[in-house]
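Asks: Right, I'll just put the structure down here and ask away after.
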Amino acid sequence: MAAGTHDWEGDGLLEGFDGRARAERIALLEQLAGEGVHVDELREAVREGRLAALSAELLLGGPAHLSARAVAQQSGLDLDLLLGLRRANGTPVSDPDAPLFNDTDLELSNLTAELTRSGLSPEQIQDTGRVMASALRPLADAMTSVISELSYAPNLSESELSARFREQVERFGPFIGPLLEANIALHLRAAVRDAAIAAAEEASGAQLPGTRQVTVAFADLVGFTRLGEELPPDELERVASRLGALTSELLHPPVRLVKTIGDAVMLASPEPAALIDATLELVEAADAAGAAFPQLRAGIASGTAVARAGDWFGRPVNLASRLTALARAGSVLATRDVRDGDAAGRHRWSEAGVRRIRGVPEPVPLYRVRRQRG
């Protein structure tokens, strides 16, 4: 679209603007149109209130000009797989012929097509894509918060805010790829090491691929549902985010943060004693925060589980989750397997009764674990 030739007023994109603000809105629209943004995308950005961000978005792949069908044809990727990956990524596409994809989307589809040709199944690709989406969206949100803080100032005009957003994306964009690559390599090394150990163990037994002995813990914020009725959503989100940050700061190998689930975190370790230490330290850290942070409660279980796409599935996972719901605020409940795994006797144990646990056929003896005195 040639700059300066479009009837922006006729498109309803100047409604509510007059004087200097109107002139700046026109200049911004002309700039974006000159950079290749289609008028339909400009309308959508205005409707959603994100016109000021559109210039920065262009740095992250250019304007949207390709449909899902065109991307599938150009990359050689199956259209159903492409649409399935977008659903798994939390960005579904309802119309495969709408121009919603940019050059970065095409590049990603080219890489995905290469993966299918290298032997990965559609199911494996979608499982991996789903995990990547759940991990990368919080990271993108955190980066965006930083960019917003650096860009925003009171009384900025729309065009000034647009320029600031673009400036910060230009400034930090080159770091994103190298940072992600280095961090994923760090975690991949640990995961490959774990898989190799598991393969050696499986060579001497009849376990399913990926099945291994693991100790799992869940810790959740006490009273989080009630807290949701008292705090505004942004403050509630900060409380949940603080739990994830606190957990990451406290953990040391071989204990690993598997995932955060709203108001809870899931930890795993091949060594029961190390996981007990980490869980107790996490609960104590929440207690030490006082009234500024809710207490935690936790449950720990050991057993064989299956590792899939960065997560764990099996009896100890389900059992640890259910024990968490039974634990009192500020306490840690565990199964007999966990207690027996504390071979060095580094912790104090007390009986916490025998309970019927949903999904477990036999009653389960429970134990409360604390640090040794002195």
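Letters for chains follow the order of the structure tokens (A, B, ...), residue numbers begin at 1 for each chain, and ligand numbers begin at 1 in the order shown.
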Would you pick out the contacts of A:Tyr367 at 10 Å or less, using only C-alpha atoms, so that residues sharing its chain but fewer than 4 positions from it are not included, and give the list as a list in words?
Replies: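 These residues fall inside the cut-off: Gly299, Ile300, Val332, Leu333, Ala334, Thr335, Arg336, Val338, Arg339, Arg348, Trp349, Ser350, Glu351, Ala352, Gly353 and Val354 of chain A.
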Asks: Quick one: write out the picked residues with C-alpha atoms as a short mmCIF file (atom, residue, chain, number, x, y, z; two decimals), in the first residue's frame?
Replies:
```cif
data_model
loop_
_atom_site.label_atom_id
_atom_site.label_comp_id
_atom_site.auth_asym_id
_atom_site.auth_seq_id
_atom_site.Cartn_x
_atom_site.Cartn_y
_atom_site.Cartn_z
CA GLY A 299 3.69 -34.31 49.66
CA ILE A 300 6.46 -36.68 48.57
CA VAL A 332 5.59 -32.28 54.55
CA LEU A 333 3.91 -35.68 54.23
CA ALA A 334 5.64 -38.67 52.66
CA THR A 335 5.15 -42.35 51.94
CA ARG A 336 7.03 -45.28 53.48
CA VAL A 338 10.43 -42.09 50.82
CA ARG A 339 11.17 -42.69 54.50
CA ARG A 348 13.17 -36.96 61.73
CA TRP A 349 10.14 -39.06 60.94
CA SER A 350 6.83 -39.43 62.76
CA GLU A 351 3.81 -41.51 61.88
CA ALA A 352 0.90 -39.55 60.41
CA GLY A 353 -1.65 -42.34 60.24
CA VAL A 354 -2.89 -44.68 57.54
#
```
Asks: Mind giving me the straight-line distance from atom CA of A:Asn155 to atom CA of A:Leu60 in Å, one decimal?
Replies: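 A separation of 26.8 Å between them.
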Asks: For stretch 78-81 of chain A, find every residue with an atom within 10 Å (counting only C-alpha atoms), except residues of its own chain fewer than 4 positions away, and show them as a CSV table (one decimal) with N, CA and C atoms, in the first residue's frame.
Replies:
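Output file selection18.csv is given in full below:
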```
chain,number,residue,atom,x,y,z
A,68,ALA,N,-2.1,-20.2,6.4
A,68,ALA,CA,-1.6,-21.5,6.9
A,68,ALA,C,-1.5,-22.5,5.7
A,69,ARG,N,-2.4,-22.4,4.8
A,69,ARG,CA,-2.3,-23.3,3.6
A,69,ARG,C,-1.1,-23.0,2.8
A,70,ALA,N,-0.8,-21.7,2.6
A,70,ALA,CA,0.4,-21.3,1.8
A,70,ALA,C,1.7,-21.7,2.5
A,71,VAL,N,1.7,-21.6,3.8
A,71,VAL,CA,2.9,-22.0,4.6
A,71,VAL,C,3.1,-23.5,4.5
A,72,ALA,N,2.0,-24.2,4.6
A,72,ALA,CA,2.1,-25.7,4.5
A,72,ALA,C,2.7,-26.1,3.1
A,73,GLN,N,2.2,-25.5,2.1
A,73,GLN,CA,2.6,-25.8,0.7
A,73,GLN,C,4.1,-25.4,0.5
A,85,LEU,N,-0.2,-28.0,15.5
A,85,LEU,CA,0.9,-27.3,16.3
A,85,LEU,C,0.5,-26.0,16.8
A,86,ARG,N,-0.3,-25.2,16.0
A,86,ARG,CA,-0.7,-23.9,16.4
A,86,ARG,C,-1.7,-24.1,17.6
A,87,ARG,N,-2.6,-25.1,17.5
A,87,ARG,CA,-3.5,-25.3,18.7
A,87,ARG,C,-2.7,-25.7,19.9
A,96,PRO,N,-7.8,-21.4,7.6
A,96,PRO,CA,-6.5,-21.8,7.0
A,96,PRO,C,-6.1,-20.9,5.8
A,109,SER,N,8.1,-23.5,10.2
A,109,SER,CA,7.4,-24.6,9.6
A,109,SER,C,8.4,-25.3,8.7
A,112,THR,N,10.2,-27.5,11.1
A,112,THR,CA,9.4,-28.6,11.5
A,112,THR,C,9.3,-29.7,10.5
A,113,ALA,N,9.2,-29.3,9.2
A,113,ALA,CA,9.2,-30.2,8.1
A,113,ALA,C,10.4,-31.0,8.0
A,116,THR,N,10.2,-33.8,10.5
A,116,THR,CA,9.4,-34.9,10.1
A,116,THR,C,10.1,-35.8,9.1
A,122,PRO,N,4.4,-37.3,13.9
A,122,PRO,CA,3.6,-36.1,14.2
A,122,PRO,C,3.3,-36.0,15.7
A,123,GLU,N,3.1,-37.2,16.3
A,123,GLU,CA,2.7,-37.2,17.8
A,123,GLU,C,3.9,-36.7,18.6
A,125,ILE,N,6.3,-34.7,17.6
A,125,ILE,CA,6.5,-33.2,17.3
A,125,ILE,C,5.4,-32.4,18.1
A,126,GLN,N,4.2,-32.9,18.1
A,126,GLN,CA,3.1,-32.1,18.8
A,126,GLN,C,3.4,-32.2,20.3
```
Asks: Assign secondary structure with DSSP using the backbone only, and return the residues of stretch 37-113 of chain A in helix (DSSP H, G or I) as a PyMOL selection string.
Replies: chain A and resi 39-48+51-58+68-75+79-88+103-113
